[in-house]
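Engineer: Provided herewith is a single structure, encoded as structure tokens, for subsequent inquiry.
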Amino acid sequence: MNHSKDPQAPLCIFLDQKDWIDLARGYYRRSEGLEDFARYALKLSESCEAVFPLSITHFGETIMNLNDDRRKRLSDFMILLSRGATIAPSNIVMDFEIVNACLKHIGVELFNIHDWVIGRGVSHMVGAKGSVLTPSLPENIVKELEAKIENEEVLSILLKAKYGQEVVTRLREPADKAVKISEEIRREESTIENGDLRHRVAMEKFFRNSLDPKIVKYLLSIGKTPEILMKTLISVDTVIEFLKSMPTAYSLFTLTFYRDHEVRSRPIQPNDINDIMGLSVAIPYTDIVVTEGMWRDAIIRRRLKPKNKVLDSIQGLKKCVENVRSKGG
């Protein structure tokens, strides 16, 4: 669904995990001040005026809650409000953006990423198609079972399942390691006193580690030499413009740099990677983003999204929706 161009399409609203929890508390009447906001969000969803997609980061944060009752209540509300809508993960979206950026450079028709980013079910959320591994079943039964993988019931079962402390600890390990690596990168880059040079060094590092290998691989796969692209990226401005043609990658880099160097006094948090990964897709491909104050400041200051489409609380959602609708999306 192309939210930005079709005025009749439902608005796509991306919520931070804290806002899913707040709305759930309102829905279950565990916070009187949030009841009206929960009812308003449900009205938008039920009338198909808006879609509230779940991401892989929402899934991960939800299953880490070891309180069974709270997790199940939140999961039920997530399914109720999202109606099974999910948003593709950042790594898969970035892969499509890299392809599009290369195709655009050589004058070939592009994929419509915007219409694809919001989908349904577990497979879309994780970026991998589910399949039935039992070889003895008839083909029609296999197809029927695989189709059911994408329904809301399966998503609900996975959200509410009890994974246990061992699984949760294992899921937290990559984030804990990422904090140590990010703090080291922050220290290294902070030794560069000139802000413009620091930004350039960080961008070159991001290109080299995250984008260059995939760009080279794709160009070679279509019979093009990497030089056809690299010889045009001759200045900081051209590199930035090329990066902006991959909006998820650009958002990911920009939010990371902002965290590392614009709020340097704030220690890097394990959950930062979840926030950045989720927002890097939500910023370019959804209509309204509700997130934490620090990220809202980053989005606005770096002009990643118009100010009137970024909130730090669900309390401003109704006015925001009305403003977006009045301006035609």
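Each chain in the structure tokens gets a letter, A, B, ..., in the order shown, and its residues are numbered from 1; ligands are numbered from 1 in order too.
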Just the residues within 9 Å of region 184-200 of chain A, please, counting only C-alpha atoms, with nothing from its chain fewer than 4 positions along; format it as a VMD selection string.

Structural biologist: chain A and resid 179 to 180 204 to 205 236 257 260 to 261 264

Engineer: Keeping C-alpha atoms, export the residues of the selection given above as a CSV table (one decimal), in the first residue's frame.

Structural biologist:
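again-v4.csv was written with the following content:
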```
chain,number,residue,atom,x,y,z
A,179,VAL,CA,26.9,-2.0,23.2
A,180,LYS,CA,30.5,-2.8,23.8
A,204,GLU,CA,32.9,6.0,4.9
A,205,LYS,CA,33.1,3.2,7.6
A,236,VAL,CA,31.1,13.9,0.0
A,257,PHE,CA,25.7,8.8,14.3
A,260,ASP,CA,27.1,8.3,19.2
A,261,HIS,CA,28.0,12.0,18.8
A,264,ARG,CA,27.5,11.6,23.8
```

Engineer: Going by DSSP on the backbone, which bits of region 152-268 of chain A are alpha helix (DSSP H)? Write them as a PyMOL selection string, please.

Structural biologist: chain A and resi 152-160+164-190+195-206+212-221+227-230+236-244+247-261

Engineer: Quick one, how far is CA of Phe77 (chain A) from CA of Gly33 (chain A)?

Structural biologist: 17.4 Å

Engineer: Can you list, as a PyMOL selection string, every protein, DNA or RNA residue that comes within 10 Å of Asn65 (chain A) when you count only C-alpha atoms, leaving out same-chain residues fewer than 3 positions away?

Structural biologist: chain A and resi 60-62+68-72+74+160+162-165+168

Engineer: If DSSP is run on the backbone, what residues of region 73-313 of chain A are strand (DSSP E)? A reply as a ChimeraX atom specification would be ideal.

Structural biologist: /A:85-87,118-120,288-290,310-311

Engineer: May I have the selected residues written with N, CA and C atoms, as a PDB file, in the first residue's frame?

Structural biologist:
```pdb
ATOM      1  N   ALA A  85      -1.020  -7.143  10.613  1.00  0.00           N
ATOM      2  CA  ALA A  85      -0.126  -6.383   9.733  1.00  0.00           C
ATOM      3  C   ALA A  85       1.289  -6.392  10.298  1.00  0.00           C
ATOM      4  N   THR A  86       2.264  -6.559   9.431  1.00  0.00           N
ATOM      5  CA  THR A  86       3.667  -6.558   9.854  1.00  0.00           C
ATOM      6  C   THR A  86       4.500  -5.720   8.894  1.00  0.00           C
ATOM      7  N   ILE A  87       5.654  -5.292   9.372  1.00  0.00           N
ATOM      8  CA  ILE A  87       6.560  -4.471   8.574  1.00  0.00           C
ATOM      9  C   ILE A  87       7.848  -5.248   8.346  1.00  0.00           C
ATOM     10  N   ILE A 118       4.898  -2.949   3.937  1.00  0.00           N
ATOM     11  CA  ILE A 118       3.870  -3.380   4.879  1.00  0.00           C
ATOM     12  C   ILE A 118       3.153  -4.595   4.306  1.00  0.00           C
ATOM     13  N   GLY A 119       3.172  -5.689   5.069  1.00  0.00           N
ATOM     14  CA  GLY A 119       2.523  -6.919   4.627  1.00  0.00           C
ATOM     15  C   GLY A 119       1.765  -7.569   5.767  1.00  0.00           C
ATOM     16  N   ARG A 120       1.736  -8.889   5.757  1.00  0.00           N
ATOM     17  CA  ARG A 120       1.001  -9.617   6.792  1.00  0.00           C
ATOM     18  C   ARG A 120       1.790 -10.849   7.229  1.00  0.00           C
ATOM     19  N   ILE A 288       3.178   7.996  10.066  1.00  0.00           N
ATOM     20  CA  ILE A 288       3.349   8.605  11.387  1.00  0.00           C
ATOM     21  C   ILE A 288       4.218   7.691  12.238  1.00  0.00           C
ATOM     22  N   VAL A 289       5.171   8.284  12.931  1.00  0.00           N
ATOM     23  CA  VAL A 289       6.064   7.527  13.809  1.00  0.00           C
ATOM     24  C   VAL A 289       5.903   8.045  15.232  1.00  0.00           C
ATOM     25  N   VAL A 290       5.671   7.121  16.158  1.00  0.00           N
ATOM     26  CA  VAL A 290       5.606   7.466  17.581  1.00  0.00           C
ATOM     27  C   VAL A 290       6.787   6.781  18.252  1.00  0.00           C
ATOM     28  N   VAL A 310       5.965  13.067  13.475  1.00  0.00           N
ATOM     29  CA  VAL A 310       6.759  12.349  14.470  1.00  0.00           C
ATOM     30  C   VAL A 310       6.303  12.769  15.862  1.00  0.00           C
ATOM     31  N   LEU A 311       5.941  11.795  16.685  1.00  0.00           N
ATOM     32  CA  LEU A 311       5.453  12.052  18.032  1.00  0.00           C
ATOM     33  C   LEU A 311       6.325  11.332  19.051  1.00  0.00           C
TER      34      LEU A 311
END
```

Engineer: Between A:Lys129, A:Lys224, A:Arg83, A:His124, which residue has the minimum interatomic distance to Ser45 (chain A), considering only C-alpha atoms?

Structural biologist: A:Arg83

Engineer: Which is closer to Ile79 (chain A) than all the others in A:Ser235, A:Thr169, A:Ser251, A:Ser156, using only C-alpha atoms?

Structural biologist: A:Ser156

Engineer: Hey, can you check how far CA of Leu15 (chain A) sits from CA of Ser313 (chain A)?

Structural biologist: 9.3 Å
